[in-house]
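Student: One structure, as structure tokens, below. Some questions next.
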Amino acid sequence: PADSPTLIFQSLSTTEISTIILPPTAIDQNGPIISYEVRIYTSLFDIPINLTNITTDQTMYPVFVNISFNATGLEEFVFYNLTVRAYTSVGPGEFSSGILRRTEPTAPSDTPQNVTAIPLGPTSITVTFDPPPGIDQNGPITSYNISYTGELFEYRGNI
């Protein structure tokens with residue numbers, strides 16, 4: 001094809017990015033589109049982490065049908081760059097410009113580190129801790145829940 005398809009962002013979750021592939025314009029298809037190749041990159045590397053080939057209905061020419069594509073099995077709160085190109089029987093066209101999206105955050109996969117509790121008196125304590133390791137935070141931490149169970153009362157709340 002003389003032009004690339006277009007990826008349109010639809011939605012995302014913690015481990016999935018949904019898109020729609022719009023075919024090249026009819027004049028730029030240069031024959032029946034037999035497949036699309038989607039490449040998914042993390043923002044850190046130039047090597048694709050996922051290659052997906054989508055076969056199309058070759059009886060339709062020119063192709064006007066949009067195709068839904070879901071990138072699944074992704075990591076939480078990571079930037080991904082998705083790009084696509086179309087194939088005809090002659091070969092591939094150019095890759096589209098990428099769409100850069102970050103998957104949604106989720107709860108941390110590890111606990112706070114170095115937790116200590118120091119009694120200050122008969123009715124108070126000081127609690128200190130470090131956040132979970134950066135790679136395990138899975139997004140911004142917005143609060144911590146500290147639970148204390150004593151002989152006289154129980155406290156559960158956010159700080």
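If you're wondering about the labels, chains in the structure tokens are A, B, ... by order shown, residues count from 1 in each chain, ligands from 1 in order shown.
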Taking only chain A into account, list the residues labelled strand (DSSP E) by DSSP (computed from the backbone), as a PyMOL selection string.
Tutor: chain A and resi 6-12+17-22+35-42+50-55+67-71+79-88+91-92+99-102+113-121+124-130+145-149+154-158
Student: Which residue is closest to A:Tyr41? Choose from A:Pro132, A:Gly93, A:Pro119, A:Gly98 and count only C-alpha atoms.
Tutor: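 Comparing A:Pro132, A:Gly93, A:Pro119, A:Gly98 against A:Tyr41, the winner is A:Gly98.
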Student: Rank A:Asp28, A:Glu16, A:Glu76, A:Glu37 by their smallest atom-to-atom distance to A:Pro92, using only C-alpha atoms, and report the top residue only.
Tutor: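 Of A:Asp28, A:Glu16, A:Glu76, A:Glu37, the one nearest A:Pro92, counting only C-alpha atoms, is A:Glu37.
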Student: Please provide as a PyMOL selection string all residues within 7 Å of A:Asn66, with the sequence filter that same-chain residues fewer than 5 positions apart are discarded (counting only C-alpha atoms).
Tutor: chain A and resi 20-23
Student: Let me make sure I understand: among A:Ala107, A:Ile135, A:Val127, A:Leu100, which one has the smallest atom-to-atom distance to A:Leu12 if we use only C-alpha atoms?
Tutor: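 With only C-alpha atoms as the atom set, the closest residue is A:Leu100.
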Student: Could you pull the residues within 8 Å of A:Val84, counting only C-alpha atoms, minus those fewer than 4 positions along the same chain, as a list in words?
Tutor: Ser4, Pro5, Thr6, Leu7, Ile21, Tyr36, Glu37, Val38, Arg39, Phe95, Ser96 and Gly98 of chain A
Student: A:Ile17, A:Ile141, A:Ile27, A:Leu120: which is nearest A:Ile40, counting only C-alpha atoms?
Tutor: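 Among the listed residues, A:Ile17 lies closest to A:Ile40.
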Student: Fewer than 5 positions away in the same chain doesn't count, so skip those; otherwise give me all residues within 12 Å of A:Ile33, counting only C-alpha atoms, as an mmCIF file with all heavy atoms, in the first residue's frame.
Tutor:
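This is the output file around.cif:
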data_model
loop_
_atom_site.group_PDB
_atom_site.id
_atom_site.type_symbol
_atom_site.label_atom_id
_atom_site.label_comp_id
_atom_site.auth_asym_id
_atom_site.auth_seq_id
_atom_site.Cartn_x
_atom_site.Cartn_y
_atom_site.Cartn_z
ATOM 1 N N PRO A 1 0.822 -1.197 0.000
ATOM 2 C CA PRO A 1 0.000 0.000 0.000
ATOM 3 C C PRO A 1 0.869 1.265 0.000
ATOM 4 O O PRO A 1 1.949 1.290 0.580
ATOM 5 C CB PRO A 1 -0.806 -0.112 1.288
ATOM 6 C CG PRO A 1 -0.804 -1.566 1.616
ATOM 7 C CD PRO A 1 0.483 -2.089 1.097
ATOM 8 N N ALA A 2 0.369 2.304 -0.632
ATOM 9 C CA ALA A 2 1.109 3.553 -0.720
ATOM 10 C C ALA A 2 1.017 4.375 0.561
ATOM 11 O O ALA A 2 1.815 5.278 0.763
ATOM 12 C CB ALA A 2 0.581 4.373 -1.897
ATOM 13 N N ASP A 3 0.061 4.084 1.397
ATOM 14 C CA ASP A 3 -0.092 4.815 2.654
ATOM 15 C C ASP A 3 -0.331 3.811 3.770
ATOM 16 O O ASP A 3 -0.731 2.670 3.529
ATOM 17 C CB ASP A 3 -1.262 5.795 2.546
ATOM 18 C CG ASP A 3 -1.269 6.850 3.648
ATOM 19 O OD1 ASP A 3 -0.247 6.969 4.362
ATOM 20 O OD2 ASP A 3 -2.283 7.548 3.782
ATOM 21 N N SER A 4 -0.104 4.233 4.992
ATOM 22 C CA SER A 4 -0.281 3.327 6.125
ATOM 23 C C SER A 4 -1.711 3.409 6.654
ATOM 24 O O SER A 4 -2.397 4.411 6.468
ATOM 25 C CB SER A 4 0.702 3.683 7.238
ATOM 26 O OG SER A 4 0.458 4.993 7.705
ATOM 27 N N PRO A 5 -2.135 2.349 7.347
ATOM 28 C CA PRO A 5 -3.414 2.416 8.052
ATOM 29 C C PRO A 5 -3.275 3.390 9.230
ATOM 30 O O PRO A 5 -2.183 3.858 9.537
ATOM 31 C CB PRO A 5 -3.641 0.990 8.547
ATOM 32 C CG PRO A 5 -2.448 0.211 8.184
ATOM 33 C CD PRO A 5 -1.470 1.086 7.500
ATOM 34 N N LEU A 22 -7.995 1.699 11.015
ATOM 35 C CA LEU A 22 -8.667 2.246 9.834
ATOM 36 C C LEU A 22 -7.788 1.937 8.624
ATOM 37 O O LEU A 22 -6.591 2.237 8.637
ATOM 38 C CB LEU A 22 -8.835 3.757 9.952
ATOM 39 C CG LEU A 22 -9.560 4.286 11.194
ATOM 40 C CD1 LEU A 22 -9.591 5.803 11.174
ATOM 41 C CD2 LEU A 22 -10.957 3.721 11.266
ATOM 42 N N PRO A 23 -8.331 1.334 7.566
ATOM 43 C CA PRO A 23 -7.502 0.983 6.404
ATOM 44 C C PRO A 23 -7.006 2.243 5.690
ATOM 45 O O PRO A 23 -7.560 3.330 5.871
ATOM 46 C CB PRO A 23 -8.447 0.189 5.524
ATOM 47 C CG PRO A 23 -9.812 0.629 5.917
ATOM 48 C CD PRO A 23 -9.741 0.998 7.362
ATOM 49 N N PRO A 24 -5.944 2.082 4.885
ATOM 50 C CA PRO A 24 -5.527 3.212 4.050
ATOM 51 C C PRO A 24 -6.685 3.627 3.142
ATOM 52 O O PRO A 24 -7.604 2.847 2.897
ATOM 53 C CB PRO A 24 -4.372 2.657 3.216
ATOM 54 C CG PRO A 24 -3.923 1.427 3.925
ATOM 55 C CD PRO A 24 -5.117 0.902 4.661
ATOM 56 N N THR A 25 -6.630 4.840 2.618
ATOM 57 C CA THR A 25 -7.676 5.285 1.697
ATOM 58 C C THR A 25 -7.706 4.343 0.490
ATOM 59 O O THR A 25 -6.701 3.702 0.154
ATOM 60 C CB THR A 25 -7.418 6.725 1.231
ATOM 61 O OG1 THR A 25 -6.160 6.765 0.560
ATOM 62 C CG2 THR A 25 -7.428 7.691 2.401
ATOM 63 N N ALA A 26 -8.843 4.249 -0.155
ATOM 64 C CA ALA A 26 -9.026 3.323 -1.276
ATOM 65 C C ALA A 26 -7.961 3.522 -2.357
ATOM 66 O O ALA A 26 -7.422 2.559 -2.894
ATOM 67 C CB ALA A 26 -10.423 3.478 -1.861
ATOM 68 N N ASP A 28 -4.979 4.528 -2.040
ATOM 69 C CA ASP A 28 -3.641 4.159 -1.570
ATOM 70 C C ASP A 28 -3.493 2.675 -1.236
ATOM 71 O O ASP A 28 -2.416 2.240 -0.832
ATOM 72 C CB ASP A 28 -3.274 4.987 -0.331
ATOM 73 C CG ASP A 28 -3.032 6.443 -0.665
ATOM 74 O OD1 ASP A 28 -2.521 6.717 -1.762
ATOM 75 O OD2 ASP A 28 -3.351 7.304 0.179
ATOM 76 N N ILE A 54 -2.964 -9.794 11.562
ATOM 77 C CA ILE A 54 -4.419 -9.896 11.463
ATOM 78 C C ILE A 54 -4.754 -10.118 9.999
ATOM 79 O O ILE A 54 -4.482 -9.260 9.155
ATOM 80 C CB ILE A 54 -5.085 -8.603 11.964
ATOM 81 C CG1 ILE A 54 -4.659 -8.319 13.416
ATOM 82 C CG2 ILE A 54 -6.592 -8.694 11.841
ATOM 83 C CD1 ILE A 54 -4.998 -6.925 13.875
ATOM 84 N N THR A 55 -5.332 -11.272 9.690
ATOM 85 C CA THR A 55 -5.717 -11.591 8.320
ATOM 86 C C THR A 55 -7.059 -10.942 8.013
ATOM 87 O O THR A 55 -7.955 -10.903 8.851
ATOM 88 C CB THR A 55 -5.807 -13.115 8.134
ATOM 89 O OG1 THR A 55 -4.563 -13.695 8.531
ATOM 90 C CG2 THR A 55 -6.095 -13.479 6.703
ATOM 91 N N THR A 56 -7.186 -10.428 6.786
ATOM 92 C CA THR A 56 -8.423 -9.760 6.385
ATOM 93 C C THR A 56 -9.168 -10.580 5.338
ATOM 94 O O THR A 56 -8.636 -11.541 4.782
ATOM 95 C CB THR A 56 -8.117 -8.366 5.803
ATOM 96 O OG1 THR A 56 -7.311 -8.535 4.639
ATOM 97 C CG2 THR A 56 -7.419 -7.482 6.812
ATOM 98 N N ASP A 57 -10.396 -10.174 5.063
ATOM 99 C CA ASP A 57 -11.210 -10.794 4.025
ATOM 100 C C ASP A 57 -10.748 -10.251 2.672
ATOM 101 O O ASP A 57 -11.029 -9.113 2.313
ATOM 102 C CB ASP A 57 -12.688 -10.461 4.261
ATOM 103 C CG ASP A 57 -13.597 -11.055 3.203
ATOM 104 O OD1 ASP A 57 -13.084 -11.735 2.277
ATOM 105 O OD2 ASP A 57 -14.816 -10.843 3.298
ATOM 106 N N GLN A 58 -10.002 -11.053 1.914
ATOM 107 C CA GLN A 58 -9.392 -10.601 0.667
ATOM 108 C C GLN A 58 -10.390 -10.380 -0.463
ATOM 109 O O GLN A 58 -10.040 -9.845 -1.503
ATOM 110 C CB GLN A 58 -8.332 -11.610 0.212
ATOM 111 C CG GLN A 58 -7.197 -11.749 1.196
ATOM 112 C CD GLN A 58 -6.227 -12.813 0.747
ATOM 113 O OE1 GLN A 58 -5.963 -12.960 -0.436
ATOM 114 N NE2 GLN A 58 -5.708 -13.569 1.689
ATOM 115 N N THR A 59 -11.627 -10.785 -0.264
ATOM 116 C CA THR A 59 -12.610 -10.594 -1.333
ATOM 117 C C THR A 59 -13.102 -9.157 -1.390
ATOM 118 O O THR A 59 -13.724 -8.749 -2.366
ATOM 119 C CB THR A 59 -13.820 -11.534 -1.139
ATOM 120 O OG1 THR A 59 -14.435 -11.232 0.115
ATOM 121 C CG2 THR A 59 -13.376 -12.988 -1.156
ATOM 122 N N MET A 60 -12.835 -8.398 -0.351
ATOM 123 C CA MET A 60 -13.284 -7.006 -0.312
ATOM 124 C C MET A 60 -12.164 -6.100 -0.824
ATOM 125 O O MET A 60 -11.058 -6.105 -0.285
ATOM 126 C CB MET A 60 -13.658 -6.603 1.115
ATOM 127 C CG MET A 60 -14.832 -7.364 1.677
ATOM 128 S SD MET A 60 -15.190 -6.920 3.383
ATOM 129 C CE MET A 60 -15.401 -5.172 3.278
ATOM 130 N N TYR A 61 -12.438 -5.356 -1.886
ATOM 131 C CA TYR A 61 -11.462 -4.386 -2.389
ATOM 132 C C TYR A 61 -12.200 -3.257 -3.071
ATOM 133 O O TYR A 61 -13.065 -3.529 -3.902
ATOM 134 C CB TYR A 61 -10.481 -5.044 -3.370
ATOM 135 C CG TYR A 61 -9.527 -4.030 -3.955
ATOM 136 C CD1 TYR A 61 -8.492 -3.511 -3.185
ATOM 137 C CD2 TYR A 61 -9.683 -3.564 -5.259
ATOM 138 C CE1 TYR A 61 -7.629 -2.569 -3.706
ATOM 139 C CE2 TYR A 61 -8.814 -2.621 -5.785
ATOM 140 C CZ TYR A 61 -7.795 -2.123 -5.008
ATOM 141 O OH TYR A 61 -6.941 -1.184 -5.500
ATOM 142 N N PRO A 62 -11.934 -2.032 -2.758
ATOM 143 C CA PRO A 62 -11.042 -1.624 -1.667
ATOM 144 C C PRO A 62 -11.670 -1.896 -0.307
ATOM 145 O O PRO A 62 -12.885 -2.030 -0.188
ATOM 146 C CB PRO A 62 -10.865 -0.122 -1.887
ATOM 147 C CG PRO A 62 -12.072 0.302 -2.659
ATOM 148 C CD PRO A 62 -12.506 -0.900 -3.467
ATOM 149 N N VAL A 63 -10.813 -1.988 0.700
ATOM 150 C CA VAL A 63 -11.263 -2.289 2.059
ATOM 151 C C VAL A 63 -11.723 -1.003 2.729
ATOM 152 O O VAL A 63 -10.980 -0.023 2.776
ATOM 153 C CB VAL A 63 -10.121 -2.938 2.881
ATOM 154 C CG1 VAL A 63 -10.541 -3.135 4.319
ATOM 155 C CG2 VAL A 63 -9.706 -4.258 2.265
ATOM 156 N N PHE A 64 -12.943 -1.016 3.212
ATOM 157 C CA PHE A 64 -13.472 0.119 3.957
ATOM 158 C C PHE A 64 -13.803 -0.269 5.396
ATOM 159 O O PHE A 64 -14.263 0.544 6.171
ATOM 160 C CB PHE A 64 -14.747 0.664 3.297
ATOM 161 C CG PHE A 64 -14.488 1.246 1.936
ATOM 162 C CD1 PHE A 64 -14.929 0.595 0.796
ATOM 163 C CD2 PHE A 64 -13.787 2.438 1.802
ATOM 164 C CE1 PHE A 64 -14.691 1.136 -0.465
ATOM 165 C CE2 PHE A 64 -13.546 2.978 0.550
ATOM 166 C CZ PHE A 64 -14.002 2.329 -0.586
ATOM 167 N N VAL A 65 -13.588 -1.531 5.740
ATOM 168 C CA VAL A 65 -13.984 -2.050 7.051
ATOM 169 C C VAL A 65 -12.911 -1.729 8.088
ATOM 170 O O VAL A 65 -11.737 -1.995 7.876
ATOM 171 C CB VAL A 65 -14.221 -3.573 6.976
ATOM 172 C CG1 VAL A 65 -14.554 -4.140 8.343
ATOM 173 C CG2 VAL A 65 -15.308 -3.898 5.970
ATOM 174 N N ARG A 85 0.914 -1.623 10.053
ATOM 175 C CA ARG A 85 1.081 -1.482 8.610
ATOM 176 C C ARG A 85 0.227 -2.527 7.917
ATOM 177 O O ARG A 85 -0.117 -3.549 8.493
ATOM 178 C CB ARG A 85 2.543 -1.588 8.184
ATOM 179 C CG ARG A 85 3.163 -2.956 8.325
ATOM 180 C CD ARG A 85 4.590 -2.902 7.823
ATOM 181 N NE ARG A 85 5.334 -4.103 8.181
ATOM 182 C CZ ARG A 85 6.612 -4.274 7.896
ATOM 183 N NH1 ARG A 85 7.276 -3.329 7.252
ATOM 184 N NH2 ARG A 85 7.230 -5.363 8.252
ATOM 185 N N ALA A 86 -0.118 -2.234 6.651
ATOM 186 C CA ALA A 86 -0.962 -3.128 5.858
ATOM 187 C C ALA A 86 -0.104 -3.886 4.851
ATOM 188 O O ALA A 86 0.940 -3.400 4.408
ATOM 189 C CB ALA A 86 -2.038 -2.324 5.130
ATOM 190 N N TYR A 87 -0.559 -5.084 4.491
ATOM 191 C CA TYR A 87 0.091 -5.914 3.479
ATOM 192 C C TYR A 87 -0.863 -6.145 2.319
ATOM 193 O O TYR A 87 -2.057 -6.391 2.529
ATOM 194 C CB TYR A 87 0.461 -7.288 4.052
ATOM 195 C CG TYR A 87 1.693 -7.328 4.899
ATOM 196 C CD1 TYR A 87 1.672 -6.901 6.224
ATOM 197 C CD2 TYR A 87 2.893 -7.819 4.393
ATOM 198 C CE1 TYR A 87 2.798 -6.960 7.010
ATOM 199 C CE2 TYR A 87 4.032 -7.887 5.173
ATOM 200 C CZ TYR A 87 3.973 -7.451 6.488
ATOM 201 O OH TYR A 87 5.100 -7.504 7.262
ATOM 202 N N THR A 88 -0.327 -6.115 1.108
ATOM 203 C CA THR A 88 -1.026 -6.609 -0.070
ATOM 204 C C THR A 88 -0.241 -7.822 -0.541
ATOM 205 O O THR A 88 0.775 -8.193 0.059
ATOM 206 C CB THR A 88 -1.085 -5.556 -1.196
ATOM 207 O OG1 THR A 88 0.242 -5.305 -1.646
ATOM 208 C CG2 THR A 88 -1.755 -4.279 -0.730
ATOM 209 N N SER A 89 -0.649 -8.425 -1.634
ATOM 210 C CA SER A 89 0.081 -9.591 -2.152
ATOM 211 C C SER A 89 1.501 -9.213 -2.592
ATOM 212 O O SER A 89 2.371 -10.065 -2.696
ATOM 213 C CB SER A 89 -0.675 -10.222 -3.314
ATOM 214 O OG SER A 89 -0.829 -9.269 -4.349
ATOM 215 N N VAL A 90 1.755 -7.935 -2.820
ATOM 216 C CA VAL A 90 3.082 -7.471 -3.231
ATOM 217 C C VAL A 90 4.009 -7.292 -2.038
ATOM 218 O O VAL A 90 5.221 -7.406 -2.159
ATOM 219 C CB VAL A 90 2.961 -6.141 -4.017
ATOM 220 C CG1 VAL A 90 4.306 -5.592 -4.395
ATOM 221 C CG2 VAL A 90 2.092 -6.345 -5.238
ATOM 222 N N GLY A 91 3.454 -7.023 -0.860
ATOM 223 C CA GLY A 91 4.280 -6.830 0.321
ATOM 224 C C GLY A 91 3.699 -5.778 1.252
ATOM 225 O O GLY A 91 2.567 -5.329 1.083
ATOM 226 N N PRO A 92 4.515 -5.353 2.230
ATOM 227 C CA PRO A 92 4.013 -4.425 3.245
ATOM 228 C C PRO A 92 4.123 -2.976 2.816
ATOM 229 O O PRO A 92 4.973 -2.595 2.009
ATOM 230 C CB PRO A 92 4.933 -4.689 4.432
ATOM 231 C CG PRO A 92 6.239 -5.072 3.799
ATOM 232 C CD PRO A 92 5.854 -5.854 2.561
ATOM 233 N N GLY A 93 3.249 -2.160 3.409
ATOM 234 C CA GLY A 93 3.356 -0.716 3.288
ATOM 235 C C GLY A 93 4.146 -0.178 4.465
ATOM 236 O O GLY A 93 4.757 -0.933 5.237
#
Student: What is the distance between atom CA of A:Tyr144 and atom CA of A:Thr111, in Å to one decimal?
Tutor: 10.1 Å
Student: Kindly give the distance, in Å, that separates atom CA of A:Thr15 and atom CA of A:Asn53, rounded to a single decimal.
Tutor: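 Between atom CA of A:Thr15 and atom CA of A:Asn53 the gap works out to 19.9 Å.
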Student: Which neighbours of A:Thr42 fall inside 12 Å, counting only C-alpha atoms, when residues of the same chain fewer than 4 positions from it are skipped, and could you give them as a list in words?
Tutor: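 Selected residues are Asp46, Ile47, Pro48, Ile49, Asn50, Leu74, Glu75, Glu76, Phe77, Val78, Phe79, Tyr80, Asn81, Leu82, Thr83, Gly98, Ile99, Leu100, Arg101, Arg102 and Thr103 of chain A.
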Student: If you measure from atom CA of A:Phe129 to atom CA of A:Ser143, what distance in Å do you get, rounded to one decimal?
Tutor: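 According to the coordinates, atom CA of A:Phe129 and atom CA of A:Ser143 are separated by 12.9 Å.
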Student: Taking into account only C-alpha atoms, which residue in the set A:Gln10, A:Ser18, A:Ser147, A:Asn114 is nearest to A:Asn70?
Tutor: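 Ranking A:Gln10, A:Ser18, A:Ser147, A:Asn114 by distance to A:Asn70, first place goes to A:Ser18.
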Student: For A:Thr142, which residue out of A:Thr72, A:Pro105, A:Ser13, A:Ser35 is the nearest one, using only C-alpha atoms?
Tutor: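 Closest to A:Thr142 of all the choices is A:Pro105.
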